[in-house]
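Asker: Supplied structure: upload-v1.cif, mmCIF, C-alpha atoms.
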data_start
loop_
_atom_site.label_atom_id
_atom_site.label_comp_id
_atom_site.auth_asym_id
_atom_site.auth_seq_id
_atom_site.Cartn_x
_atom_site.Cartn_y
_atom_site.Cartn_z
CA MET A 311 -219.28 -26.15 -31.47
CA SER A 312 -219.37 -25.68 -27.72
CA GLU A 313 -217.78 -28.19 -25.37
CA THR A 314 -216.54 -28.56 -21.85
CA ALA A 315 -213.21 -29.94 -20.73
CA GLY A 316 -213.27 -33.73 -20.77
CA SER A 317 -215.51 -34.04 -23.84
CA ARG A 318 -214.15 -35.90 -26.85
CA VAL A 319 -214.56 -36.15 -30.61
CA ALA A 320 -214.68 -39.58 -32.25
CA PHE A 321 -212.53 -39.75 -35.38
CA VAL A 322 -213.84 -42.53 -37.63
CA LEU A 323 -211.19 -44.03 -39.93
CA LYS A 324 -211.29 -46.91 -42.37
CA GLY A 325 -208.18 -48.43 -40.82
CA TYR A 326 -205.69 -47.43 -38.14
CA PRO A 327 -202.75 -47.27 -38.06
CA ARG A 328 -201.82 -47.21 -41.75
CA LEU A 329 -198.39 -46.51 -43.23
CA SER A 330 -199.99 -44.85 -46.26
CA GLU A 331 -202.05 -42.38 -44.20
CA THR A 332 -199.46 -40.40 -42.28
CA PHE A 333 -201.35 -37.21 -43.16
CA ILE A 334 -204.21 -38.37 -40.93
CA ALA A 335 -201.86 -39.36 -38.12
CA GLN A 336 -200.05 -36.01 -38.19
CA GLU A 337 -203.39 -34.19 -38.11
CA ILE A 338 -204.60 -36.19 -35.09
CA LEU A 339 -201.35 -35.56 -33.23
CA ALA A 340 -201.39 -31.84 -34.03
CA LEU A 341 -204.99 -31.50 -32.82
CA GLU A 342 -204.18 -33.43 -29.65
CA ARG A 343 -201.32 -31.03 -28.97
CA ARG A 344 -203.77 -28.16 -29.32
CA GLY A 345 -205.99 -29.71 -26.67
CA LEU A 346 -208.56 -31.75 -28.61
CA GLN A 347 -209.47 -34.99 -26.88
CA ILE A 348 -209.98 -37.77 -29.42
CA LEU A 349 -211.28 -41.30 -29.61
CA ILE A 350 -210.10 -43.10 -32.75
CA VAL A 351 -212.68 -45.47 -34.24
CA SER A 352 -211.33 -47.88 -36.84
CA LEU A 353 -213.51 -49.94 -39.20
CA ARG A 354 -210.62 -52.32 -39.82
CA HIS A 355 -207.74 -53.79 -37.88
CA PRO A 356 -204.25 -52.81 -39.05
CA THR A 357 -202.75 -54.76 -41.95
CA ASP A 358 -199.31 -53.11 -42.05
CA GLY A 359 -196.65 -54.95 -40.13
CA ARG A 360 -194.99 -51.75 -38.96
CA ARG A 361 -195.94 -48.34 -37.59
CA HIS A 362 -194.55 -44.87 -38.14
CA PRO A 363 -192.94 -43.20 -35.10
CA ILE A 364 -195.79 -40.66 -35.14
CA HIS A 365 -198.27 -43.40 -34.23
CA GLU A 366 -196.40 -43.96 -30.96
CA GLU A 367 -196.85 -40.28 -30.05
CA ILE A 368 -200.64 -40.27 -30.45
CA ARG A 369 -202.39 -40.70 -27.09
CA ALA A 370 -205.95 -41.32 -28.31
CA PRO A 371 -207.36 -44.78 -27.54
CA VAL A 372 -208.68 -46.87 -30.43
CA LEU A 373 -212.07 -48.56 -30.70
CA TYR A 374 -212.08 -51.30 -33.36
CA LEU A 375 -215.46 -52.13 -34.87
CA PRO A 376 -216.23 -55.60 -36.31
CA GLU A 377 -214.50 -55.57 -39.69
CA TYR A 378 -216.89 -58.24 -40.97
CA LEU A 379 -220.19 -58.72 -39.21
CA HIS A 380 -219.89 -62.49 -39.07
CA HIS A 381 -216.68 -62.05 -37.06
CA GLY A 382 -218.61 -60.20 -34.36
CA VAL A 383 -222.14 -61.57 -34.61
CA MET A 384 -223.01 -61.37 -30.92
CA ARG A 385 -221.54 -57.88 -30.64
CA VAL A 386 -223.75 -56.72 -33.53
CA VAL A 387 -226.85 -58.49 -32.17
CA ARG A 388 -226.40 -57.02 -28.69
CA ALA A 389 -226.00 -53.57 -30.20
CA TRP A 390 -229.13 -53.98 -32.34
CA LEU A 391 -231.24 -55.16 -29.38
CA ARG A 392 -230.32 -52.02 -27.42
CA ILE A 393 -230.28 -49.48 -30.26
CA ARG A 394 -233.64 -50.53 -31.71
CA ARG A 395 -235.29 -49.17 -28.54
CA LEU A 396 -234.08 -45.64 -29.28
CA ALA A 397 -236.57 -43.13 -30.64
CA THR A 398 -234.09 -42.34 -33.43
CA TYR A 399 -233.93 -45.93 -34.70
CA PRO A 400 -237.02 -46.04 -37.02
CA ALA A 401 -235.91 -42.98 -39.00
CA LEU A 402 -232.35 -44.25 -39.30
CA ARG A 403 -233.54 -47.69 -40.39
CA ALA A 404 -235.72 -46.06 -43.07
CA LEU A 405 -232.75 -43.98 -44.26
CA TRP A 406 -230.52 -47.03 -44.45
CA LEU A 407 -233.15 -49.06 -46.37
CA THR A 408 -233.40 -46.22 -48.89
CA ASP A 409 -229.62 -46.27 -49.30
CA LEU A 410 -229.66 -50.06 -49.59
CA ARG A 411 -232.19 -49.96 -52.42
CA ARG A 412 -229.88 -47.63 -54.34
CA ASP A 413 -226.73 -49.55 -53.43
CA PHE A 414 -227.63 -53.16 -52.68
CA SER A 415 -224.31 -54.55 -51.51
CA ALA A 416 -222.68 -56.47 -48.70
CA SER A 417 -220.68 -53.34 -47.93
CA ARG A 418 -223.85 -51.30 -47.32
CA ILE A 419 -225.14 -53.97 -44.92
CA ARG A 420 -221.80 -54.07 -43.14
CA ARG A 421 -221.83 -50.27 -42.67
CA PHE A 422 -225.22 -50.48 -40.98
CA GLY A 423 -224.00 -53.19 -38.61
CA GLN A 424 -220.86 -51.25 -37.78
CA ALA A 425 -222.94 -48.12 -37.14
CA LEU A 426 -225.13 -50.04 -34.69
CA VAL A 427 -222.06 -51.18 -32.76
CA LEU A 428 -220.54 -47.69 -32.82
CA ALA A 429 -223.75 -46.04 -31.63
CA ASP A 430 -224.08 -48.63 -28.88
CA GLU A 431 -220.46 -48.52 -27.66
CA LEU A 432 -219.80 -44.80 -28.08
CA PRO A 433 -218.71 -43.43 -24.67
CA PRO A 434 -221.01 -40.81 -23.11
CA ASP A 435 -218.36 -38.07 -23.27
CA ILE A 436 -218.36 -38.06 -27.10
CA VAL A 437 -219.93 -34.80 -28.28
CA SER A 438 -219.44 -35.16 -32.04
CA LEU A 439 -218.07 -37.47 -34.71
CA HIS A 440 -215.62 -36.74 -37.50
CA ALA A 441 -215.19 -39.03 -40.52
CA HIS A 442 -212.03 -39.23 -42.59
CA PHE A 443 -213.13 -40.03 -46.17
CA LEU A 444 -216.55 -39.55 -47.72
CA HIS A 445 -217.19 -43.17 -48.61
CA THR A 446 -217.37 -45.99 -46.04
CA PRO A 447 -216.23 -44.10 -42.90
CA SER A 448 -218.74 -41.29 -43.43
CA SER A 449 -221.57 -43.76 -44.01
CA VAL A 450 -220.91 -45.41 -40.66
CA THR A 451 -220.43 -41.99 -39.05
CA ARG A 452 -223.63 -40.56 -40.50
CA TYR A 453 -225.74 -43.53 -39.36
CA ALA A 454 -224.20 -43.63 -35.87
CA ALA A 455 -224.50 -39.87 -35.39
CA ALA A 456 -228.18 -39.98 -36.36
CA LEU A 457 -228.82 -42.79 -33.87
CA ARG A 458 -227.11 -40.92 -31.04
CA GLY A 459 -228.45 -37.49 -31.99
CA LEU A 460 -224.94 -36.07 -32.41
CA PRO A 461 -223.47 -33.72 -35.03
CA TRP A 462 -220.87 -35.02 -37.43
CA SER A 463 -218.25 -33.49 -39.70
CA GLY A 464 -215.83 -34.87 -42.23
CA SER A 465 -212.60 -34.68 -44.18
CA ALA A 466 -212.62 -35.62 -47.87
CA HIS A 467 -209.50 -36.60 -49.75
CA ALA A 468 -209.32 -38.35 -53.13
CA LYS A 469 -210.87 -41.71 -54.06
CA ASP A 470 -213.75 -41.13 -51.65
CA ILE A 471 -214.80 -38.05 -53.63
CA TRP A 472 -214.44 -39.32 -57.16
CA THR A 473 -215.81 -42.86 -56.79
CA THR A 474 -218.83 -42.10 -54.57
CA PRO A 475 -222.18 -41.65 -56.40
CA GLU A 476 -223.38 -38.06 -56.66
CA TRP A 477 -226.65 -38.79 -54.82
CA GLU A 478 -224.67 -40.06 -51.86
CA LEU A 479 -222.30 -37.11 -51.82
CA ARG A 480 -225.23 -34.66 -51.88
CA GLU A 481 -227.03 -36.34 -49.00
CA LYS A 482 -223.95 -36.66 -46.82
CA LEU A 483 -222.94 -33.07 -47.44
CA ALA A 484 -226.46 -31.96 -46.53
CA SER A 485 -226.41 -33.87 -43.23
CA CYS A 486 -222.94 -32.99 -41.91
CA GLU A 487 -222.18 -29.80 -40.00
CA TRP A 488 -219.07 -29.03 -42.04
CA LEU A 489 -216.50 -30.68 -44.23
CA VAL A 490 -212.91 -29.88 -45.11
CA THR A 491 -211.02 -31.11 -48.12
CA CYS A 492 -207.36 -30.93 -49.02
CA THR A 493 -207.34 -29.41 -52.51
CA ALA A 494 -209.00 -26.51 -54.31
CA SER A 495 -210.19 -28.84 -57.08
CA ASN A 496 -211.88 -31.07 -54.50
CA ARG A 497 -213.39 -28.02 -52.81
CA ASP A 498 -214.84 -26.65 -56.04
CA HIS A 499 -216.36 -30.02 -56.97
CA LEU A 500 -217.92 -30.66 -53.56
CA ALA A 501 -219.11 -27.09 -53.05
CA ASN A 502 -221.33 -27.52 -56.11
CA LEU A 503 -223.06 -30.43 -54.36
CA ALA A 504 -223.29 -29.01 -50.83
CA PRO A 505 -225.29 -26.35 -49.01
CA GLU A 506 -223.50 -23.01 -49.16
CA GLY A 507 -220.69 -22.67 -46.64
CA THR A 508 -220.43 -26.40 -45.84
CA VAL A 509 -217.15 -27.15 -47.62
CA GLU A 510 -213.83 -25.48 -46.86
CA LEU A 511 -210.33 -25.90 -48.26
CA VAL A 512 -207.70 -26.90 -45.70
CA TYR A 513 -204.43 -28.29 -47.04
CA HIS A 514 -202.98 -31.12 -44.98
CA GLY A 515 -199.59 -29.54 -45.12
CA LEU A 516 -196.51 -31.29 -43.82
CA ASP A 517 -194.88 -31.30 -40.42
CA LEU A 518 -191.53 -29.76 -41.32
CA ASP A 519 -190.06 -30.84 -37.99
CA ARG A 520 -190.23 -34.40 -39.33
CA PHE A 521 -188.77 -33.38 -42.68
CA PRO A 522 -186.02 -30.86 -41.90
CA ALA A 523 -184.70 -29.03 -44.94
CA HIS A 524 -181.96 -30.70 -46.92
CA ALA A 525 -180.02 -29.66 -50.05
CA ALA A 526 -180.60 -32.48 -52.51
CA GLY A 527 -178.52 -33.87 -55.30
CA ASP A 528 -174.94 -33.92 -56.51
CA ALA A 529 -174.13 -31.53 -59.35
CA ALA A 530 -171.55 -34.00 -60.62
CA ARG A 531 -174.23 -36.57 -61.47
CA THR A 532 -175.33 -36.18 -65.08
CA GLY A 533 -175.88 -39.79 -66.07
CA SER A 534 -173.00 -39.75 -68.55
CA THR A 535 -171.17 -42.68 -66.90
CA LEU A 536 -171.95 -45.43 -64.40
CA GLU A 537 -169.94 -43.53 -61.79
CA ASN A 538 -172.22 -40.48 -62.00
CA SER A 539 -175.47 -42.37 -62.52
CA VAL A 540 -178.57 -40.41 -61.52
CA THR A 541 -180.97 -41.81 -58.93
CA ILE A 542 -184.69 -41.36 -59.63
CA LEU A 543 -187.06 -41.94 -56.71
CA SER A 544 -190.80 -42.67 -56.87
CA VAL A 545 -193.03 -43.36 -53.87
CA GLY A 546 -196.60 -44.60 -53.96
CA ARG A 547 -198.87 -47.61 -53.64
CA LEU A 548 -198.64 -49.91 -56.63
CA VAL A 549 -202.14 -49.22 -57.88
CA GLU A 550 -203.46 -47.91 -61.19
CA LYS A 551 -203.83 -44.25 -60.25
CA LYS A 552 -200.15 -43.91 -59.32
CA GLY A 553 -199.05 -44.65 -62.91
CA ALA A 554 -195.93 -46.68 -62.10
CA ASP A 555 -196.35 -48.47 -65.44
CA VAL A 556 -196.16 -45.11 -67.22
CA LEU A 557 -193.00 -44.25 -65.30
CA LEU A 558 -191.34 -47.56 -66.23
CA SER A 559 -192.30 -47.07 -69.87
CA ALA A 560 -190.88 -43.54 -69.78
CA LEU A 561 -187.58 -44.68 -68.33
CA ALA A 562 -187.28 -47.35 -71.02
CA ARG A 563 -187.42 -44.51 -73.58
CA LEU A 564 -184.34 -42.72 -72.22
CA PRO A 565 -181.24 -42.86 -74.45
CA SER A 566 -179.30 -46.07 -73.95
CA ALA A 567 -176.16 -44.13 -73.01
CA CYS A 568 -177.97 -42.36 -70.16
CA GLN A 569 -177.09 -43.93 -66.82
CA TRP A 570 -179.84 -44.00 -64.18
CA ARG A 571 -181.44 -46.18 -61.55
CA LEU A 572 -184.99 -46.12 -60.19
CA VAL A 573 -185.80 -46.63 -56.53
CA LEU A 574 -189.49 -47.54 -56.28
CA VAL A 575 -190.98 -47.40 -52.78
CA GLY A 576 -194.42 -48.87 -52.07
CA GLY A 577 -196.35 -52.10 -52.22
CA GLY A 578 -199.68 -53.02 -53.70
CA PRO A 579 -201.69 -55.33 -55.93
CA LEU A 580 -199.80 -54.45 -59.13
CA ASP A 581 -196.39 -55.45 -57.78
CA ARG A 582 -195.94 -58.62 -59.86
CA LYS A 583 -197.40 -57.07 -62.99
CA LEU A 584 -195.04 -54.12 -62.76
CA ARG A 585 -192.01 -56.34 -62.19
CA ARG A 586 -192.93 -58.29 -65.32
CA LEU A 587 -193.28 -55.01 -67.21
CA ALA A 588 -189.80 -53.91 -66.13
CA GLU A 589 -188.44 -57.24 -67.38
CA SER A 590 -190.20 -56.92 -70.72
CA LEU A 591 -188.90 -53.36 -71.16
CA GLY A 592 -185.34 -54.49 -70.48
CA ILE A 593 -184.84 -52.21 -67.47
CA ALA A 594 -185.33 -54.62 -64.57
CA SER A 595 -181.66 -54.46 -63.56
CA ARG A 596 -181.99 -50.71 -63.04
CA VAL A 597 -185.06 -50.86 -60.78
CA GLU A 598 -184.83 -51.35 -57.00
CA TRP A 599 -188.10 -52.42 -55.38
CA ARG A 600 -188.18 -51.27 -51.76
CA GLY A 601 -191.73 -52.11 -50.67
CA SER A 602 -193.41 -50.11 -47.90
CA MET A 603 -191.29 -47.92 -45.65
CA THR A 604 -191.65 -45.88 -42.49
CA GLN A 605 -191.24 -42.12 -42.65
CA THR A 606 -187.80 -42.35 -41.07
CA GLU A 607 -186.60 -44.84 -43.68
CA LEU A 608 -188.18 -42.84 -46.47
CA LEU A 609 -186.39 -39.65 -45.43
CA ASP A 610 -183.08 -41.37 -46.17
CA GLU A 611 -184.31 -42.29 -49.65
CA TYR A 612 -185.31 -38.71 -50.42
CA ARG A 613 -181.88 -37.50 -49.38
CA ALA A 614 -180.08 -40.09 -51.51
CA ALA A 615 -182.02 -39.30 -54.70
CA ASP A 616 -181.44 -36.74 -57.46
CA ILE A 617 -184.94 -36.59 -58.98
CA PHE A 618 -188.43 -37.43 -57.75
CA ALA A 619 -190.97 -38.68 -60.29
CA LEU A 620 -194.68 -39.44 -59.90
CA ALA A 621 -196.86 -40.38 -62.88
CA SER A 622 -200.31 -39.96 -61.32
CA ARG A 623 -203.34 -40.54 -63.53
CA VAL A 624 -207.12 -40.88 -63.33
CA ALA A 625 -207.91 -44.59 -62.97
CA ALA A 626 -210.61 -46.36 -64.96
CA ASP A 627 -213.02 -46.21 -62.01
CA GLY A 628 -212.46 -42.46 -61.55
CA ASP A 629 -210.03 -42.82 -58.63
CA ARG A 630 -207.26 -40.25 -58.58
CA ASP A 631 -204.79 -38.55 -56.27
CA GLY A 632 -205.66 -35.38 -54.42
CA LEU A 633 -202.40 -33.69 -53.50
CA PRO A 634 -199.91 -36.52 -52.90
CA ASN A 635 -198.02 -36.05 -49.66
CA VAL A 636 -194.96 -37.69 -51.20
CA LEU A 637 -194.54 -34.74 -53.56
CA MET A 638 -194.53 -32.37 -50.59
CA GLU A 639 -192.11 -34.61 -48.70
CA ALA A 640 -189.74 -34.70 -51.69
CA GLN A 641 -189.83 -30.93 -51.99
CA THR A 642 -188.90 -30.41 -48.35
CA GLN A 643 -185.66 -32.19 -49.22
CA GLY A 644 -184.94 -29.94 -52.20
CA LEU A 645 -185.66 -32.70 -54.70
CA PRO A 646 -186.69 -31.52 -58.17
CA CYS A 647 -190.04 -33.12 -58.96
CA VAL A 648 -191.51 -34.36 -62.22
CA ALA A 649 -195.25 -35.02 -61.97
CA THR A 650 -198.45 -34.97 -63.99
CA GLN A 651 -201.17 -32.38 -64.53
CA VAL A 652 -203.72 -34.35 -62.53
CA SER A 653 -206.11 -33.18 -59.84
CA ALA A 654 -204.45 -30.78 -57.39
CA ILE A 655 -200.82 -31.41 -58.30
CA PRO A 656 -200.61 -28.05 -60.18
CA GLU A 657 -201.69 -26.36 -56.93
CA LEU A 658 -198.34 -27.45 -55.49
CA ILE A 659 -196.02 -27.54 -58.49
CA GLU A 660 -195.70 -24.55 -60.80
CA HIS A 661 -194.31 -25.84 -64.09
CA GLY A 662 -190.83 -24.61 -64.82
CA VAL A 663 -190.61 -22.81 -61.47
CA THR A 664 -190.92 -25.38 -58.66
CA GLY A 665 -190.91 -28.54 -60.78
CA LEU A 666 -191.90 -29.97 -64.14
CA LEU A 667 -195.42 -31.06 -65.11
CA VAL A 668 -196.39 -33.31 -68.01
CA PRO A 669 -199.71 -34.70 -69.26
CA PRO A 670 -200.83 -37.96 -67.62
CA ASP A 671 -200.48 -41.25 -69.49
CA SER A 672 -197.72 -39.83 -71.69
CA PRO A 673 -194.50 -41.85 -71.37
CA ASP A 674 -192.84 -39.75 -74.10
CA ALA A 675 -193.47 -36.44 -72.31
CA LEU A 676 -192.41 -37.91 -68.97
CA ALA A 677 -189.23 -39.33 -70.49
CA ALA A 678 -188.36 -35.95 -72.02
CA ALA A 679 -188.83 -34.15 -68.69
CA ILE A 680 -186.76 -36.69 -66.76
CA HIS A 681 -184.01 -36.60 -69.39
CA GLU A 682 -183.91 -32.80 -69.19
CA LEU A 683 -183.31 -32.96 -65.44
CA ILE A 684 -180.74 -35.72 -65.74
CA ARG A 685 -178.67 -33.64 -68.18
CA ASP A 686 -179.00 -30.33 -66.29
CA PRO A 687 -177.93 -30.40 -62.61
CA ALA A 688 -178.27 -26.61 -62.40
CA LEU A 689 -181.95 -26.88 -63.36
CA ARG A 690 -182.40 -29.61 -60.77
CA GLN A 691 -180.96 -27.38 -58.09
CA ALA A 692 -183.03 -24.35 -59.12
CA LEU A 693 -186.32 -26.25 -59.21
CA GLY A 694 -185.53 -28.09 -55.97
CA SER A 695 -184.70 -24.89 -54.10
CA ALA A 696 -187.80 -23.07 -55.37
CA GLY A 697 -190.02 -26.04 -54.48
CA GLN A 698 -188.51 -26.22 -51.02
CA MET A 699 -189.24 -22.53 -50.41
CA ARG A 700 -192.84 -22.79 -51.69
CA MET A 701 -193.44 -25.80 -49.45
CA ALA A 702 -192.25 -23.96 -46.36
CA ASN A 703 -194.29 -20.85 -47.12
CA MET A 704 -197.60 -22.37 -48.24
CA PHE A 705 -197.84 -26.06 -47.45
CA SER A 706 -196.38 -26.54 -44.00
CA MET A 707 -198.70 -28.11 -41.44
CA ASN A 708 -198.34 -25.11 -39.13
CA ALA A 709 -199.64 -22.84 -41.88
CA ASN A 710 -202.83 -24.89 -42.22
CA ILE A 711 -203.64 -26.79 -39.02
CA GLY A 712 -204.98 -23.65 -37.32
CA LYS A 713 -207.91 -23.54 -39.76
CA LEU A 714 -208.88 -27.10 -38.85
CA ALA A 715 -208.39 -26.47 -35.14
CA ARG A 716 -210.85 -23.61 -35.32
CA LYS A 717 -213.42 -25.87 -37.00
CA PHE A 718 -213.31 -27.98 -33.84
CA GLY A 719 -213.70 -24.86 -31.70
CA LEU A 720 -210.10 -24.80 -30.49
CA THR A 721 -208.55 -21.49 -29.62
CA ASN A 722 -205.24 -22.97 -28.46
CA GLU A 723 -203.25 -22.13 -31.60
CA HIS A 724 -199.72 -22.85 -30.46
CA GLY A 725 -199.65 -26.56 -29.89
CA ASN A 726 -199.52 -26.42 -26.12
CA GLU A 727 -200.23 -29.52 -24.09
CA GLY A 728 -202.77 -27.76 -21.89
CA ALA A 729 -206.48 -28.28 -21.52
CA LEU A 730 -208.98 -27.74 -24.30
CA THR A 731 -210.14 -24.18 -24.75
CA VAL A 732 -213.19 -23.66 -26.94
CA VAL A 733 -215.42 -20.87 -28.15
#
Show me, as structure tokens, the structure contained in the file I just sent.

Answerer:
Amino acid sequence: MSETAGSRVAFVLKGYPRLSETFIAQEILALERRGLQILIVSLRHPTDGRRHPIHEEIRAPVLYLPEYLHHGVMRVVRAWLRIRRLATYPALRALWLTDLRRDFSASRIRRFGQALVLADELPPDIVSLHAHFLHTPSSVTRYAAALRGLPWSGSAHAKDIWTTPEWELREKLASCEWLVTCTASNRDHLANLAPEGTVELVYHGLDLDRFPAHAAGDAARTGSTLENSVTILSVGRLVEKKGADVLLSALARLPSACQWRLVLVGGGPLDRKLRRLAESLGIASRVEWRGSMTQTELLDEYRAADIFALASRVAADGDRDGLPNVLMEAQTQGLPCVATQVSAIPELIEHGVTGLLVPPDSPDALAAAIHELIRDPALRQALGSAGQMRMANMFSMNANIGKLARKFGLTNEHGNEGALTVV
């Protein structure tokens, strides 16, 4: 990649800003601070009512594409009338029609329309495009890049990898310049579908300046009385792959004399169903539903908790977590973590050393692990301290962002605010 000062990279996101995608926001901010000039392109308008403080620090402007084509008919038509004159249009149209025959859906049509608008409205100083997620954003990116004759790259995460058809993954990986993904398991899977050298592992890491180290827990809390009740925290969208139903079922299996409360942070489509489950299990009075939170608010919850639990699983449609940021956030605060042996979680948590791992979809095993931590404050402290150290050494953002910066041609490794320097 060779650029001159003043050139920009368009980052194509499904939605921006999003409370659940702080890992993307921290990456954009870190790259900006290393000199990369960015235009954010969002396929959707924001749906969250609030923003994280990090979103206020990002300087990149945002271009919103028509979320639904009928909401921006004239914008799409004007783009089509101009783009269809390009020499690249016939080949791109043929590619899209081939994709449409294999995936005849309103979504596929919408991606084509959004790509037309993006190709038409892309500023002349854009030298490449970068898609976050291998499903919808990379489809729009791939089409628009082909129309404008620009290279494109991508970042793959979780659902986008495991719910996208193999034919589509192969073709996208063959057409992009490079792709990074955030777990070794993702990397191994995608590398088998891509030309050699296309896919590279780059952990997101965590900005430890936003999560300063904290010694978690109170050794006096053992759950033996109401006064020393143990607080269990879980953070995640209320969707199938997060396994909140498994966690509730596990907690209902704890001995009746064991005193605990669950703080559940996150919103989502399963909210009502999970509340009804808590009622039916007889534990509703012990569950506090906090909804979505900003990073600042969430930091207080980590520091007030004794145990962090996440019951991730593979959903029926194949969707699954990659490496949940919330586990890393919890470990920065010295929280002992109980999680499942799903996807890349064992890359972060070493069982019995930096946390406890149990099989997914096993309320009995999860209950036993949580009960062990409730009864043993010394084990909580040991696991929390070891996890905190491993996080700082291997999964901090500073330990990983340099790899990504170099993919964009940046040689400014120290986060200075100066001009872009490239090789």

Asker: Please provide the set of residues having any atom within 8 Å of Gln424 in chain A, restricted to only C-alpha atoms, with same-chain residues fewer than 6 positions apart removed, written as a list in words.

Answerer: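 That gives Leu353, Leu375, Pro376, Glu377, Leu379, Val386 and Val450 of chain A.
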
Asker: Restricting the calculation to only C-alpha atoms, which member of A:Gln641, A:Ser672, A:Asn703, A:Ser602 is positioned closest to Ser622 in chain A?

Answerer: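 Counting only C-alpha atoms, the residue closest to Ser622 in chain A is A:Ser672.
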
Asker: Measure the distance from CA of Leu633 in chain A to CA of Ala654 in chain A in Å and round it to one decimal.

Answerer: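 For CA of Leu633 in chain A relative to CA of Ala654 in chain A, the distance reads 5.3 Å.
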
Asker: Would you mind reading off the distance between CA of Leu693 in chain A and CA of Glu331 in chain A, one decimal, in Å?

Answerer: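 Result for CA of Leu693 in chain A versus CA of Glu331 in chain A: 27.1 Å, one decimal.
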
Asker: Using all atoms listed in the file, which residues sit within 9 Å of range 472-482 of chain A once same-chain residues fewer than 6 positions away are excluded, as a ChimeraX atom specification?

Answerer: /A:409,444-445,448-449,452,500,503-505,627-630

Asker: Check the smallest atom-to-atom distance from each of A:Val597, A:Ala696, A:Ala675, A:Leu339 to Pro646 in chain A using only C-alpha atoms, then report the winner.

Answerer: A:Ala696

Asker: At a cut-off of 12 Å from (-192.4, -54.0, -69.2) in the coordinates of the file, what residues are picked up using all atoms listed in the file, written as an mmCIF file with C-alpha atoms, in the coordinates of the input?

Answerer:
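Okay, this is what ended up in point.cif:
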data_model
loop_
_atom_site.group_PDB
_atom_site.id
_atom_site.type_symbol
_atom_site.label_atom_id
_atom_site.label_comp_id
_atom_site.auth_asym_id
_atom_site.auth_seq_id
_atom_site.Cartn_x
_atom_site.Cartn_y
_atom_site.Cartn_z
ATOM 1 C CA ALA A 554 -195.930 -46.680 -62.100
ATOM 2 C CA ASP A 555 -196.350 -48.470 -65.440
ATOM 3 C CA VAL A 556 -196.160 -45.110 -67.220
ATOM 4 C CA LEU A 557 -193.000 -44.250 -65.300
ATOM 5 C CA LEU A 558 -191.340 -47.560 -66.230
ATOM 6 C CA SER A 559 -192.300 -47.070 -69.870
ATOM 7 C CA ALA A 560 -190.880 -43.540 -69.780
ATOM 8 C CA LEU A 561 -187.580 -44.680 -68.330
ATOM 9 C CA ALA A 562 -187.280 -47.350 -71.020
ATOM 10 C CA ARG A 563 -187.420 -44.510 -73.580
ATOM 11 C CA ARG A 582 -195.940 -58.620 -59.860
ATOM 12 C CA LYS A 583 -197.400 -57.070 -62.990
ATOM 13 C CA LEU A 584 -195.040 -54.120 -62.760
ATOM 14 C CA ARG A 585 -192.010 -56.340 -62.190
ATOM 15 C CA ARG A 586 -192.930 -58.290 -65.320
ATOM 16 C CA LEU A 587 -193.280 -55.010 -67.210
ATOM 17 C CA ALA A 588 -189.800 -53.910 -66.130
ATOM 18 C CA GLU A 589 -188.440 -57.240 -67.380
ATOM 19 C CA SER A 590 -190.200 -56.920 -70.720
ATOM 20 C CA LEU A 591 -188.900 -53.360 -71.160
ATOM 21 C CA GLY A 592 -185.340 -54.490 -70.480
ATOM 22 C CA ILE A 593 -184.840 -52.210 -67.470
ATOM 23 C CA ALA A 594 -185.330 -54.620 -64.570
ATOM 24 C CA VAL A 597 -185.060 -50.860 -60.780
#

Asker: I would like the residues chosen by the PyMOL selection byres ((chain A and resi 373) around 8) on the shown file; could you give them as a list of chain:residue names?

Answerer: A:Leu349, A:Ile350, A:Val351, A:Ser352, A:Pro371, A:Val372, A:Tyr374, A:Leu375

Asker: Determine, counting all atoms listed in the file, which protein, DNA and RNA residues have an atom within 12 Å of an atom of Glu607 in chain A; residues of the same chain fewer than 5 positions away are not included. Present the result as a ChimeraX atom specification.

Answerer: /A:329,360-363,520-521,575,600-602,612-614

Asker: For the file shown, what are the residues hit by the PyMOL selection byres ((chain A and resi 324) around 8), laid out as a PDB file with C-alpha atoms, keeping the file's coordinate frame?

Answerer:
ATOM      1  CA  VAL A 322    -213.840 -42.530 -37.630  1.00  0.00           C
ATOM      2  CA  LEU A 323    -211.190 -44.030 -39.930  1.00  0.00           C
ATOM      3  CA  GLY A 325    -208.180 -48.430 -40.820  1.00  0.00           C
ATOM      4  CA  TYR A 326    -205.690 -47.430 -38.140  1.00  0.00           C
ATOM      5  CA  SER A 352    -211.330 -47.880 -36.840  1.00  0.00           C
ATOM      6  CA  LEU A 353    -213.510 -49.940 -39.200  1.00  0.00           C
ATOM      7  CA  ARG A 354    -210.620 -52.320 -39.820  1.00  0.00           C
ATOM      8  CA  HIS A 442    -212.030 -39.230 -42.590  1.00  0.00           C
ATOM      9  CA  THR A 446    -217.370 -45.990 -46.040  1.00  0.00           C
ATOM     10  CA  PRO A 447    -216.230 -44.100 -42.900  1.00  0.00           C
TER      11      PRO A 447
END

Asker: For the structure provided, state which residues fall under the PyMOL selection byres ((chain A and resi 396) around 12), and present them as a list in words.

Answerer: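 Given this file, the PyMOL selection byres ((chain A and resi 396) around 12) evaluates to Ala389, Trp390, Leu391, Arg392, Ile393, Arg394, Arg395, Ala397, Thr398, Tyr399, Pro400, Ala401, Leu402, Arg403, Leu426, Ala429, Asp430, Ala456, Leu457, Arg458 and Gly459 of chain A.
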
Asker: Using only C-alpha atoms, which residues sit within 8 Å of Ala340 in chain A once same-chain residues fewer than 3 positions away are excluded, as a PyMOL selection string?

Answerer: chain A and resi 336-337+343-344+711+725
